[in-house]
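> Here you go, one structure.
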Amino acid sequence: MLKKPTINNDWEQIPWNLIENYNDDWRVFARSASDAKGPIAMFLAALDAIAEEKINPNYTIKVIMDFEEELGSPRLPKAVAKNTELLKSDMLIIFDGPRHITNKPTLTFGARGIATITLTTYGPIVPQHSGHFGNYAPNPALRLSKLLASMKDDNGKVIIPGYYQGISLDAETKKILQSVPDDESEFKDKLQIGSIDKVGNNYQEAMQYPSLNIIGMQSGWIDEQTRTIVPAWARAEIDIRLVLESDPKRLINLVKKHIENEGYFITHKTPTKEERLKNEKIASFTSEISYQSFRTDFNSEVGIWLQNAMKNAFGTDPIMIRIAGGSIPISPFVIELKTPAVIVPTVNSDNNQHSPNENIRLGNYREGIKTMIAILAEKL
């Protein structure tokens with residue numbers, strides 16, 4: 001649907017026949033409008049434009065489209081390893097993700113990787129009446145809560161020894177991070193939060209460290225299904241956003257060791273009766289590493305080339321982001337093919353990607369095409 005903003009900060013649907021006289025602030029609302037049908041359409045339009053203007057890039061273009069990114073790209077690593085000669089390139093340009101929150105031209109030189117953990121604690125073999133067994137049968141939800149809380153301090157920092165080992169931000173790097181025009185009060189207002197975690201001195205610094213995040217928790221029943229019981233189990237799904245300096249296997253083992261140090265017997269499956277009776281505290285622990293992070297130097301060949309293209313297009317230097325907080329499955333190209341990669345985001349930051357009402361701002365669509373024409377026209 002095509003919509004325009006209203007004075008009440010809402011959206012009003014308008015007919016498509018108005019598109020010829022569009023306004024930059026109008027938006028197209030559709031599934032994957034920004035992530036990633038929009039950038040694909042931008043690139044195709046840019047190819048048409050340079051053909052019409054007889055602009056010929058002085059380099060060979062290979063186009064890769066990943067249709068399983070939202071599934072974690074499970075078959076991408078094998079596909080890359082199987083086709084190394086076909087995919088071999090000097091540099092990789094990724095048209096993905098939103099611009100900086102200011103909506104100014106942006107280059108992002110890396111992205112965090114991701115690993116996941118499923119952690120389950122156990123109480124009685126089946127849920128028990130809380131009147132009969134409350135104060136007697138250990139509650140797995142309480143144990144899980146205490147276990148998770150033991151991993152971080154009140155400032156949001158992971159306190160598992162060695163978790164941030166190997167990460168050091170020198171003065172030059174901190175200067176680069178501080179140059180990004182983030183506004184803490186704007187973040188707080190947008191997220192409607194009264195405080196922020198203190199993992200870094202600012203948003204960009206926080207993205208340079210591996211995270212330990214609770215995706216979700218479940219135990220017993222709530223709302224209209226609530227029951228007065230001692231639950232049989234409690235489960236947390238956890239993700240770890242990875243940075244280049246941190247080994248995902250090491251981080252997962254640190255979390256596992258911490259759980260053991262808290263007195264838990266760890267299994268990789270539902271515990272047996274014998275295991276339940278033998279151990280005071282018991283938990284199941286499984287993990288998966290999806291993909292590692294990547295980061296490219298600002299002053300690399302691809303970095304300088306893209307900076308020149310963006311400056312030629314918009315008359316100003318782009319915002320330079322060292323590493324994005326999110327994860328994209330590009331590491332197989334960087335690791336397997338040793339290809340330096342840079343993300344060129346084009347869409348609006350409030351696009352609701354992966355959520356209801358995903359949208360793309362028409363001004364971003366237009367400037368996205370302009371960005372891609374500039375890159376295609378920039379000589380190497």
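The chains in the structure tokens are called A, B, ... from first to last as shown; in each chain the residues are counted from 1, and the ligands are counted from 1 in the order shown.
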For A:Pro248, work out the shell of residues within 12 Å, counting only C-alpha atoms and skipping chain neighbours fewer than 5 positions away, then give it as an MDAnalysis selection string.

chainID A and resid 112:117 163:164 210:212 239:243 253:255 287:293

> Would you please give, as a PyMOL selection string, all residues of stretch 131-289 of chain A that DSSP assigns to strand (DSSP E) based on the backbone?

chain A and resi 213-218+229-230+233-242+264-267+281-289

> Write out as a compact mmCIF listing (two decimals) with N, CA and C atoms, in the first residue's frame the residues lying within 12 Å of A:Ala79, counting only C-alpha atoms and excluding same-chain residues fewer than 4 positions away.


# COMPACT_ATOMS: atom_id res chain seq x y z
N ILE A 64 24.93 -11.60 -6.09
CA ILE A 64 24.56 -12.73 -5.24
C ILE A 64 23.28 -12.35 -4.50
N ASP A 66 20.57 -13.85 -1.65
CA ASP A 66 20.34 -14.88 -0.64
C ASP A 66 18.88 -14.83 -0.21
N SER A 73 20.40 -18.32 6.75
CA SER A 73 21.20 -18.76 5.60
C SER A 73 21.89 -20.10 5.84
N PRO A 74 21.11 -21.15 6.16
CA PRO A 74 21.72 -22.42 6.55
C PRO A 74 22.57 -23.09 5.47
N ARG A 75 22.26 -22.81 4.19
CA ARG A 75 23.01 -23.50 3.12
C ARG A 75 24.06 -22.62 2.46
N ASN A 83 31.75 -23.21 -4.35
CA ASN A 83 31.88 -22.38 -5.56
C ASN A 83 32.91 -21.27 -5.37
N THR A 84 34.03 -21.60 -4.75
CA THR A 84 35.03 -20.57 -4.44
C THR A 84 35.56 -19.87 -5.68
N GLU A 85 35.81 -20.60 -6.74
CA GLU A 85 36.35 -19.98 -7.96
C GLU A 85 35.32 -19.08 -8.61
N LEU A 86 34.08 -19.53 -8.64
CA LEU A 86 33.01 -18.74 -9.26
C LEU A 86 32.76 -17.45 -8.50
N LEU A 87 32.87 -17.51 -7.17
CA LEU A 87 32.52 -16.37 -6.33
C LEU A 87 33.71 -15.48 -5.98
N PRO A 332 30.86 -16.21 5.60
CA PRO A 332 31.44 -17.22 4.71
C PRO A 332 32.25 -16.62 3.56
N PHE A 333 31.80 -15.48 3.03
CA PHE A 333 32.56 -14.83 1.95
C PHE A 333 33.86 -14.25 2.48
N GLU A 336 35.96 -17.59 4.06
CA GLU A 336 36.31 -18.62 3.07
C GLU A 336 37.05 -18.03 1.87
N LEU A 337 36.57 -16.86 1.38
CA LEU A 337 37.12 -16.27 0.17
C LEU A 337 38.11 -15.14 0.44

> Can you work out which one of A:Leu251, A:Met217, A:Leu147, A:Leu142 has the shortest atom-to-atom distance to A:Pro231, counting only C-alpha atoms?

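Ranking A:Leu251, A:Met217, A:Leu147, A:Leu142 by distance to A:Pro231, first place goes to A:Leu142.
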
> Have a look at A:Ile375, A:Met320, A:Leu92, A:Val344 and name the one nearest to A:Lys175; count only C-alpha atoms.

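With only C-alpha atoms as the atom set, the closest residue is A:Met320.
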
> May I have the residues within 12 Å of A:Gln307 as a list in words, using only C-alpha atoms and disregarding those fewer than 5 positions away in the same chain?

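What passes the distance filter is Pro105, Thr106, Leu107, Thr108, Phe109, Phe298, Asn299, Ser300, Glu301, Val302, Asn312, Ala313, Phe314, Gly315, Thr316, Asp317, Pro318, Ile319, Met320, Val342, Ile343, Val344, Thr371, Ala374, Ile375 and Glu378 of chain A.
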
> If I take atom CA of A:Gly194 and atom CA of A:Ala234, how far is one from the other in Å, to one decimal?

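Atom-to-atom, atom CA of A:Gly194 to atom CA of A:Ala234, that is 29.0 Å.
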
> Neighbours of A:Val126 within 9 Å (only C-alpha atoms; same-chain residues fewer than 5 positions away dropped), as JSON, numbers by chain?

{"A": [230, 231, 232, 233]}

> Which is closest to A:Gly156 among A:Ala141, A:Val180, A:Leu18, A:Val199, if we use only C-alpha atoms?

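Checking each candidate against A:Gly156, we get A:Val199 as the closest.
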
> From the list A:Lys157, A:Lys62, A:Lys338, A:His258, which residue is nearest A:Thr296 when using only C-alpha atoms?

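Among A:Lys157, A:Lys62, A:Lys338, A:His258, it is A:Lys338 that comes nearest to A:Thr296.
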